[in-house]
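Asker: Contents are mmCIF, C-alpha atoms and all ligand atoms; file name model-v4.cif:
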```
data_target
loop_
_atom_site.label_atom_id
_atom_site.label_comp_id
_atom_site.auth_asym_id
_atom_site.auth_seq_id
_atom_site.Cartn_x
_atom_site.Cartn_y
_atom_site.Cartn_z
CA MET A 1 -9.02 7.51 23.98
CA GLY A 2 -7.61 6.52 20.59
CA LYS A 3 -7.65 8.77 17.54
CA LEU A 4 -9.75 6.17 15.68
CA ASP A 5 -12.12 4.90 18.38
CA GLY A 6 -15.28 3.51 16.76
CA LYS A 7 -13.81 3.55 13.24
CA VAL A 8 -13.42 0.61 10.85
CA ALA A 9 -10.54 0.42 8.36
CA LEU A 10 -10.38 -1.73 5.24
CA ILE A 11 -6.73 -2.58 4.52
CA THR A 12 -5.61 -4.47 1.42
CA GLY A 13 -2.33 -6.37 1.38
CA ALA A 14 -2.57 -6.72 5.16
CA ALA A 15 -0.67 -10.01 5.54
CA ARG A 16 2.76 -8.45 5.95
CA GLY A 17 4.94 -5.41 5.36
CA GLN A 18 3.29 -2.01 5.28
CA GLY A 19 -0.24 -3.44 5.25
CA ARG A 20 0.30 -5.29 8.52
CA SER A 21 1.99 -2.23 10.02
CA HIS A 22 -0.97 -0.02 9.02
CA ALA A 23 -3.38 -2.57 10.56
CA LEU A 24 -1.50 -2.55 13.87
CA THR A 25 -1.08 1.23 13.95
CA LEU A 26 -4.74 1.94 13.20
CA ALA A 27 -5.91 -0.80 15.60
CA GLY A 28 -3.60 0.66 18.25
CA GLU A 29 -5.61 3.89 17.93
CA GLY A 30 -8.93 2.08 18.33
CA ALA A 31 -9.97 1.02 14.81
CA ASP A 32 -11.41 -2.37 13.94
CA ILE A 33 -9.89 -3.90 10.83
CA LEU A 34 -11.26 -5.48 7.65
CA ALA A 35 -8.22 -7.16 6.10
CA VAL A 36 -7.63 -8.83 2.76
CA ASP A 37 -4.58 -10.32 1.09
CA LEU A 38 -3.90 -12.64 -1.83
CA VAL A 39 -1.52 -14.71 0.30
CA GLY A 40 -0.31 -16.42 -2.85
CA GLN A 41 2.17 -16.03 -5.65
CA ILE A 42 1.76 -14.16 -8.95
CA GLY A 43 3.92 -15.76 -11.64
CA SER A 44 5.57 -12.60 -12.96
CA VAL A 45 6.58 -11.35 -9.49
CA PRO A 46 10.29 -12.11 -8.98
CA TYR A 47 10.26 -12.53 -5.17
CA PRO A 48 8.25 -14.65 -2.71
CA MET A 49 4.89 -13.07 -1.91
CA SER A 50 3.04 -13.57 1.37
CA LYS A 51 1.60 -16.82 2.71
CA PRO A 52 -1.60 -17.65 4.63
CA GLU A 53 0.34 -17.82 7.91
CA ASP A 54 1.40 -14.19 7.41
CA LEU A 55 -2.25 -13.09 7.40
CA GLU A 56 -2.88 -15.27 10.47
CA THR A 57 -0.07 -13.42 12.24
CA THR A 58 -1.67 -10.06 11.41
CA VAL A 59 -4.97 -11.35 12.83
CA LYS A 60 -3.33 -12.48 16.08
CA GLN A 61 -1.42 -9.22 16.47
CA VAL A 62 -4.52 -7.07 15.94
CA GLU A 63 -6.51 -9.21 18.38
CA ALA A 64 -3.69 -8.83 20.92
CA LEU A 65 -4.45 -5.08 20.78
CA ASP A 66 -8.02 -5.90 21.82
CA ARG A 67 -9.49 -4.90 18.48
CA ARG A 68 -11.71 -6.90 16.13
CA ILE A 69 -10.45 -8.03 12.75
CA LEU A 70 -12.21 -9.79 9.88
CA ALA A 71 -9.58 -11.17 7.52
CA ARG A 72 -10.12 -12.80 4.14
CA GLN A 73 -7.95 -14.38 1.50
CA GLY A 74 -8.85 -12.40 -1.62
CA ASP A 75 -7.57 -10.78 -4.78
CA VAL A 76 -7.85 -7.05 -5.37
CA ARG A 77 -7.95 -7.81 -9.11
CA ASP A 78 -11.36 -9.46 -8.64
CA PRO A 79 -14.18 -6.87 -8.35
CA GLU A 80 -16.75 -9.47 -7.24
CA ALA A 81 -14.47 -10.70 -4.45
CA MET A 82 -13.87 -7.13 -3.29
CA GLN A 83 -17.62 -6.40 -3.32
CA ALA A 84 -18.21 -9.57 -1.24
CA LEU A 85 -15.49 -8.49 1.20
CA VAL A 86 -17.08 -5.07 1.68
CA ASP A 87 -20.54 -6.66 2.10
CA ASP A 88 -19.11 -8.99 4.78
CA GLY A 89 -17.35 -6.07 6.46
CA ILE A 90 -20.54 -3.99 6.62
CA ALA A 91 -22.47 -7.02 7.95
CA GLU A 92 -19.84 -7.56 10.66
CA PHE A 93 -19.02 -3.98 11.67
CA GLY A 94 -21.92 -1.90 10.32
CA HIS A 95 -19.73 0.67 8.54
CA ILE A 96 -16.36 1.33 6.90
CA ASP A 97 -14.69 4.69 7.55
CA ILE A 98 -11.14 4.28 6.26
CA VAL A 99 -9.70 2.52 3.22
CA CYS A 100 -5.99 1.79 2.85
CA ALA A 101 -5.58 0.61 -0.75
CA ASN A 102 -2.10 -0.73 -0.06
CA ALA A 103 -1.78 -4.12 -1.82
CA GLY A 104 0.81 -4.07 -4.56
CA ILE A 105 3.56 -5.87 -6.38
CA ALA A 106 6.96 -4.82 -7.63
CA GLY A 107 8.93 -6.07 -10.59
CA LEU A 108 11.62 -4.79 -12.86
CA GLY A 109 11.83 -4.92 -16.60
CA ASP A 110 13.40 -2.67 -19.20
CA ALA A 111 11.05 -1.26 -21.79
CA LEU A 112 12.42 -3.34 -24.67
CA SER A 113 12.21 -6.75 -23.03
CA MET A 114 9.10 -6.32 -20.85
CA THR A 115 6.59 -9.06 -21.56
CA PRO A 116 2.84 -8.44 -21.97
CA ARG A 117 2.34 -10.64 -18.87
CA GLN A 118 4.58 -8.43 -16.71
CA TRP A 119 2.74 -5.33 -17.92
CA ILE A 120 -0.75 -6.77 -17.44
CA ASP A 121 -0.06 -8.20 -13.97
CA MET A 122 1.38 -4.89 -12.78
CA ILE A 123 -1.52 -2.78 -14.07
CA ASP A 124 -4.05 -5.35 -12.82
CA VAL A 125 -2.77 -5.35 -9.24
CA ASN A 126 -1.34 -1.86 -8.75
CA LEU A 127 -3.93 0.17 -10.72
CA ASN A 128 -7.09 -1.89 -11.36
CA GLY A 129 -6.81 -3.50 -7.91
CA VAL A 130 -6.75 -0.10 -6.21
CA TRP A 131 -9.94 0.92 -8.00
CA PHE A 132 -11.69 -2.39 -7.25
CA SER A 133 -10.74 -1.98 -3.58
CA ILE A 134 -12.25 1.48 -3.33
CA GLN A 135 -15.36 1.45 -5.50
CA PRO A 136 -17.50 -0.98 -3.43
CA VAL A 137 -16.95 1.17 -0.32
CA LEU A 138 -18.18 4.41 -1.89
CA ARG A 139 -21.95 3.87 -1.72
CA PRO A 140 -22.00 2.74 1.94
CA MET A 141 -19.50 5.45 2.91
CA ILE A 142 -21.61 8.18 1.30
CA ASP A 143 -24.82 6.80 2.82
CA GLN A 144 -23.28 6.70 6.31
CA GLY A 145 -23.10 10.50 6.14
CA THR A 146 -20.09 10.64 8.47
CA GLY A 147 -17.33 11.29 5.93
CA GLY A 148 -14.33 9.04 5.50
CA SER A 149 -10.71 8.79 4.49
CA ILE A 150 -9.31 6.88 1.51
CA ILE A 151 -5.54 6.45 1.50
CA ILE A 152 -3.94 5.03 -1.63
CA THR A 153 -0.39 3.70 -1.56
CA SER A 154 1.39 5.19 -4.54
CA SER A 155 5.17 5.66 -4.54
CA LEU A 156 7.90 8.18 -5.08
CA TYR A 157 7.62 6.77 -8.61
CA GLY A 158 4.02 7.96 -8.71
CA VAL A 159 5.30 11.54 -8.90
CA LYS A 160 8.71 11.29 -10.56
CA ALA A 161 10.62 9.07 -12.97
CA PRO A 162 12.56 6.12 -11.57
CA PRO A 163 16.26 5.53 -12.37
CA GLY A 164 15.15 2.97 -15.00
CA ASN A 165 13.58 -0.44 -15.75
CA LEU A 166 10.29 0.36 -14.09
CA VAL A 167 7.86 1.69 -16.69
CA HIS A 168 4.94 -0.59 -15.70
CA TYR A 169 5.26 0.18 -11.96
CA THR A 170 5.68 3.89 -12.69
CA ALA A 171 2.60 3.90 -14.93
CA ALA A 172 0.46 2.19 -12.28
CA LYS A 173 1.69 4.38 -9.42
CA HIS A 174 1.06 7.56 -11.46
CA GLY A 175 -2.33 6.11 -12.37
CA VAL A 176 -3.44 5.82 -8.76
CA VAL A 177 -2.53 9.48 -8.23
CA GLY A 178 -5.06 10.19 -11.00
CA ILE A 179 -7.69 8.09 -9.20
CA MET A 180 -6.94 10.02 -6.01
CA ARG A 181 -7.24 13.46 -7.65
CA ALA A 182 -10.51 12.68 -9.43
CA LEU A 183 -12.08 11.06 -6.35
CA ALA A 184 -10.93 13.85 -4.04
CA VAL A 185 -13.01 16.29 -6.11
CA GLU A 186 -16.00 13.98 -6.57
CA LEU A 187 -16.23 12.95 -2.91
CA ALA A 188 -15.40 16.27 -1.21
CA PRO A 189 -19.09 17.26 -0.83
CA HIS A 190 -19.49 14.12 1.31
CA PHE A 191 -16.45 14.94 3.51
CA ILE A 192 -14.76 11.82 2.15
CA ARG A 193 -11.10 12.70 1.79
CA VAL A 194 -8.77 10.98 -0.67
CA ASN A 195 -4.98 11.16 -0.55
CA THR A 196 -1.97 9.15 -1.66
CA ILE A 197 1.14 8.27 0.26
CA ASN A 198 4.30 8.32 -1.84
CA PRO A 199 7.17 6.52 -0.12
CA THR A 200 10.71 6.00 -1.23
CA PHE A 201 12.15 2.55 -0.39
CA VAL A 202 10.51 0.85 2.58
CA ARG A 203 12.14 -1.98 4.52
CA THR A 204 9.81 -4.86 3.59
CA ASP A 205 10.12 -8.23 1.84
CA MET A 206 9.24 -6.48 -1.42
CA MET A 207 12.70 -4.88 -1.32
CA GLN A 208 14.72 -7.26 0.86
CA ASN A 209 15.06 -10.18 -1.53
CA ASP A 210 17.69 -11.62 -3.87
CA SER A 211 16.01 -10.28 -6.99
CA MET A 212 16.09 -6.64 -5.81
CA ILE A 213 19.60 -6.98 -4.38
CA SER A 214 20.95 -8.15 -7.74
CA VAL A 215 19.22 -5.27 -9.54
CA PHE A 216 20.66 -2.65 -7.21
CA VAL A 217 24.16 -4.15 -7.20
CA PRO A 218 24.40 -5.51 -10.75
CA ASP A 219 28.19 -5.78 -11.01
CA GLU A 220 28.75 -8.06 -8.01
CA GLU A 221 28.29 -11.80 -8.23
CA HIS A 222 27.61 -12.03 -4.47
CA PRO A 223 26.44 -8.59 -3.37
CA THR A 224 26.48 -7.84 0.35
CA GLN A 225 23.71 -6.25 2.38
CA GLU A 226 25.96 -3.22 2.87
CA GLN A 227 26.44 -2.77 -0.90
CA PHE A 228 22.67 -3.08 -1.39
CA GLU A 229 21.91 -0.46 1.25
CA ASN A 230 24.58 1.90 -0.10
CA ALA A 231 23.01 1.68 -3.57
CA MET A 232 19.55 2.48 -2.20
CA GLN A 233 20.91 5.28 -0.04
CA ALA A 234 22.34 6.99 -3.13
CA ILE A 235 18.77 7.55 -4.38
CA ASN A 236 17.79 9.38 -1.17
CA VAL A 237 19.03 12.69 0.26
CA MET A 238 18.95 11.80 3.94
CA PRO A 239 21.69 9.26 4.71
CA VAL A 240 19.30 6.34 5.11
CA PRO A 241 18.69 3.47 2.64
CA TRP A 242 15.04 2.87 3.43
CA ILE A 243 12.22 3.64 5.86
CA PRO A 244 10.74 1.22 8.43
CA PRO A 245 7.07 0.43 7.65
CA GLU A 246 6.03 1.83 11.05
CA ASP A 247 7.10 5.30 9.92
CA ILE A 248 4.92 5.03 6.81
CA SER A 249 2.03 4.03 9.09
CA ARG A 250 2.39 7.27 11.07
CA THR A 251 1.49 9.23 7.93
CA VAL A 252 -1.36 6.80 7.24
CA LEU A 253 -2.65 7.40 10.78
CA TYR A 254 -2.49 11.17 10.24
CA LEU A 255 -4.45 10.87 6.99
CA ALA A 256 -6.96 8.44 8.55
CA SER A 257 -7.67 10.60 11.59
CA ASP A 258 -9.35 13.95 12.16
CA ASP A 259 -5.87 15.48 12.50
CA SER A 260 -6.06 15.81 8.70
CA ARG A 261 -9.77 16.59 8.47
CA TYR A 262 -9.29 19.31 5.84
CA VAL A 263 -6.56 17.50 3.87
CA THR A 264 -7.69 16.00 0.58
CA GLY A 265 -6.24 15.62 -2.90
CA THR A 266 -2.63 15.52 -1.71
CA THR A 267 0.38 13.34 -2.48
CA ALA A 268 2.12 12.73 0.85
CA LEU A 269 5.81 12.26 0.11
CA ILE A 270 7.69 10.15 2.65
CA ASP A 271 10.86 10.05 0.67
CA LEU A 272 14.01 10.95 2.63
CA GLY A 273 14.23 13.99 0.33
CA ALA A 274 14.63 11.86 -2.79
CA MET A 275 12.18 14.00 -4.78
CA GLN A 276 14.68 16.89 -4.67
CA ILE A 277 17.37 15.17 -6.73
CA SER A 278 17.34 13.50 -10.11
N1 LIG B 1 8.68 -1.52 -0.22
C1 LIG B 1 8.92 -0.40 -0.89
O1 LIG B 1 10.07 0.03 -1.05
C2 LIG B 1 7.77 0.42 -1.42
C3 LIG B 1 8.00 1.76 -1.79
C4 LIG B 1 6.94 2.53 -2.27
C5 LIG B 1 5.68 1.98 -2.38
N2 LIG B 1 5.48 0.67 -2.03
C6 LIG B 1 4.13 0.12 -2.12
O2 LIG B 1 3.68 -0.20 -0.82
C7 LIG B 1 2.66 -1.21 -0.89
C8 LIG B 1 2.93 -2.30 0.12
O3 LIG B 1 4.13 -2.96 -0.23
P1 LIG B 1 5.12 -3.64 0.84
O4 LIG B 1 6.39 -2.90 0.77
O5 LIG B 1 4.41 -3.79 2.14
O6 LIG B 1 5.35 -5.07 0.13
P2 LIG B 1 4.95 -6.58 0.56
O7 LIG B 1 5.26 -7.42 -0.62
O8 LIG B 1 5.60 -6.91 1.85
O9 LIG B 1 3.39 -6.50 0.83
C9 LIG B 1 2.45 -6.41 -0.21
C10 LIG B 1 1.25 -7.25 0.16
O10 LIG B 1 0.26 -7.08 -0.89
C11 LIG B 1 -0.30 -8.35 -1.16
N3 LIG B 1 -0.85 -8.43 -2.52
C12 LIG B 1 -0.17 -8.38 -3.69
N4 LIG B 1 -0.99 -8.59 -4.72
C13 LIG B 1 -2.24 -8.74 -4.21
C14 LIG B 1 -3.52 -8.97 -4.78
N5 LIG B 1 -3.67 -9.11 -6.10
N6 LIG B 1 -4.58 -9.05 -3.96
C15 LIG B 1 -4.44 -8.93 -2.61
N7 LIG B 1 -3.24 -8.75 -2.01
C16 LIG B 1 -2.16 -8.64 -2.80
C17 LIG B 1 0.87 -9.31 -1.01
O11 LIG B 1 0.43 -10.64 -0.84
C18 LIG B 1 1.59 -8.74 0.21
O12 LIG B 1 1.15 -9.33 1.41
C19 LIG B 1 2.64 -1.65 -2.36
O13 LIG B 1 1.59 -1.02 -3.04
C20 LIG B 1 3.98 -1.15 -2.89
O14 LIG B 1 3.97 -0.96 -4.28
C21 LIG B 1 6.48 -0.10 -1.55
#
```
Give the structure from this file in structure tokens form.
Answerer:
Amino acid sequence: MGKLDGKVALITGAARGQGRSHALTLAGEGADILAVDLVGQIGSVPYPMSKPEDLETTVKQVEALDRRILARQGDVRDPEAMQALVDDGIAEFGHIDIVCANAGIAGLGDALSMTPRQWIDMIDVNLNGVWFSIQPVLRPMIDQGTGGSIIITSSLYGVKAPPGNLVHYTAAKHGVVGIMRALAVELAPHFIRVNTINPTFVRTDMMQNDSMISVFVPDEEHPTQEQFENAMQAINVMPVPWIPPEDISRTVLYLASDDSRYVTGTTALIDLGAMQIS
């Protein structure tokens, strides 16, 4: 018996990183998966984004767990594409019970030099894309009459200020906390719960790349991995630089399952204590 037997989870950004980890964790507890990822590059993103073969790997790994998965290349910024994905998912599985609005981008830019393109891309993916991922599911989820769980990936920087150079990301990640709070109230009569997860640094390709390393260790021409991890660790309280994606997925599983059946409207910090210091 899995905690999610008979459930179907829509996961955005499922090709790699946390999205893939959530897919495998939820499938490991019995859920079938409806997966979507851009698997392409956005010009203003300063690190390599995922590729089609990454999504294929997620598909193979979910199938190896003996679960079904319907995976599509798609863009959370495109409401028509997200509606078509949900329609396909309902046709394939009959229902959707869980949404992990996880797809996102990172990027750094100080307030004075940030370009309109950087701002628009960030808000489009990390705020508009979250809404376009959730809205098409609401009508079928309400009509099912069996409740549901919507889990939005925010960030530590959805509830506090970052050290700097991150106003667009911070705005989007605070914005999705607003979506969560409003939806938690509106959907509570239907037993559809809505929560955010708010991680500190997570060990994925979004962080482990030359662009991020040079930002965290600005004074070194050739920064080492150790210097990078020391710089990240300084932002946390526990003596750890970042969290493995699998540990984020454990909180997602809790929020997706009946273990949290009366939990809604919350911001789940997974932050190595970072919220407690400035
Ligand atoms: N890594 C961290 O330190 C960290 C910390 C806090 C929050 N987050 C958030 O966690 C989420 C997952 O990030 P990750 O760490 O797994 O990074 P990642 O870059 O490994 O994965 C993000 C995935 O989202 C996909 N994606 C991006 N834009 C998309 C779009 N327009 N449409 C569809 N898919 C799109 C990417 O292709 C990629 O596969 C993001 O929302 C991120 O902001 C990350």
Asker: Range 80-85 of chain A: which residues within 12 Å, counting all atoms listed in the file, same-chain residues fewer than 3 positions away excluded, as JSON, numbers by chain?
Answerer: {"A": [10, 11, 12, 34, 35, 36, 37, 38, 70, 71, 72, 73, 74, 75, 76, 77, 88, 89, 90, 91, 92, 93, 96, 101, 128, 129, 130, 131, 132, 133, 134, 135, 136, 137, 138, 139, 140]}
Asker: Show me which residues are within 7 Å of ligand LIG 1 (chain B) counting only C-alpha atoms and all ligand atoms, and format the list as JSON, numbers by chain.
Answerer: {"A": [12, 13, 14, 15, 16, 17, 18, 19, 36, 37, 38, 39, 40, 49, 50, 74, 75, 76, 77, 102, 103, 104, 105, 106, 125, 126, 129, 153, 154, 155, 156, 198, 199, 200, 201, 202, 203, 204, 205, 206, 207]}
Asker: For Gly2 in chain A, which of A:Phe228, A:Leu253, A:Trp242, A:Val159 is the closest residue, counting all atoms listed in the file?
Answerer: A:Leu253
Asker: Between A:Lys60, A:Lys3, A:His22, A:His168, single out the one closest to Arg117 in chain A, counting all atoms listed in the file.
Answerer: A:His168
Asker: To one decimal place, how far is CA of Asp247 in chain A from CA of Ile123 in chain A in Å?
Answerer: 26.7 Å
Asker: Step by step, gather every atom of range 56-73 of chain A that the file lists, find the box along x, y and z that holds them, add 4 Å on each side, and finally give centre and edge lengths in Å to one decimal, as AutoDock Vina command-line options.
Answerer:
```
--center_x -6.1 --center_y -10.1 --center_z 11.7 --size_x 20.1 --size_y 18.4 --size_z 28.3
```
Asker: Work out how far CA of Ile98 in chain A is from CA of Thr57 in chain A, in Å to one decimal.
Answerer: 21.7 Å
Asker: Here is a test: counting all atoms listed in the file, which residue of A:Leu187, A:Leu55, A:Ala9, A:Leu269 is nearest to Val99 in chain A?
Answerer: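 Counting all atoms listed in the file, the residue closest to Val99 in chain A is A:Ala9.
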Asker: Pick out the closest residue to Ala182 in chain A from this set: A:Pro162, A:Lys51, A:Thr266, A:Ser149. Count all atoms listed in the file.
Answerer: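 Result for the nearest residue to Ala182 in chain A: A:Thr266.
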Asker: If I take CA of Pro241 in chain A and CA of Glu229 in chain A, how far is one from the other in Å, to one decimal?
Answerer: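 Straight-line distance from CA of Pro241 in chain A to CA of Glu229 in chain A works out to 5.3 Å.
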Asker: Have a look at A:Val167, A:Tyr254, A:Asp110, A:Gly265 and name the one nearest to Ile179 in chain A; count all atoms listed in the file.
Answerer: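 Of A:Val167, A:Tyr254, A:Asp110, A:Gly265, the one nearest Ile179 in chain A, counting all atoms listed in the file, is A:Gly265.
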Asker: Counting only C-alpha atoms, which residue out of A:Pro79, A:Pro223, A:Gly107, A:Gly145 sits closest to Gly43 in chain A?
Answerer: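 The shortest atom-to-atom distance to Gly43 in chain A comes from A:Gly107.
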Asker: Around the point (9.8, -16.1, -14.4), in the coordinates given by the file, pick out the residues reaching within 12 Å, counting all atoms listed in the file, and return them as a list in words.
Answerer: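 Looking at atoms near the point gives Gln41, Ile42, Gly43, Ser44, Val45, Pro46, Tyr47, Pro48, Gly107, Leu108, Gly109, Met114, Thr115, Arg117, Gln118 and Ser211 of chain A.
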Asker: Identify, on the basis of only C-alpha atoms, every residue whose closest approach to Ala27 in chain A does not exceed 8 Å; exclude the query and any residue fewer than 5 positions from it along the same chain; express the result as a CSV table (one decimal) with C-alpha atoms, in the frame of the given file.
Answerer:
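Done, and the output landed in around29.csv:
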```
chain,number,residue,atom,x,y,z
A,4,LEU,CA,-9.8,6.2,15.7
A,32,ASP,CA,-11.4,-2.4,13.9
A,33,ILE,CA,-9.9,-3.9,10.8
A,62,VAL,CA,-4.5,-7.1,15.9
A,65,LEU,CA,-4.4,-5.1,20.8
A,67,ARG,CA,-9.5,-4.9,18.5
```
Asker: Taking 6 positions as the minimum chain separation for residues in the same chain, which residues sit within 10 Å of Arg261 in chain A when counting only C-alpha atoms? Answer as a list in words.
Answerer: Gly147, Gly148, Ser149, Phe191, Ile192, Arg193, Tyr254 and Leu255 of chain A
Asker: For a cut-off of 8 Å around (3.8, 7.2, -15.2), file coordinates, pick out all residues using all atoms listed in the file and list them as an MDAnalysis selection string.
Answerer: chainID A and resid 157:161 167:175
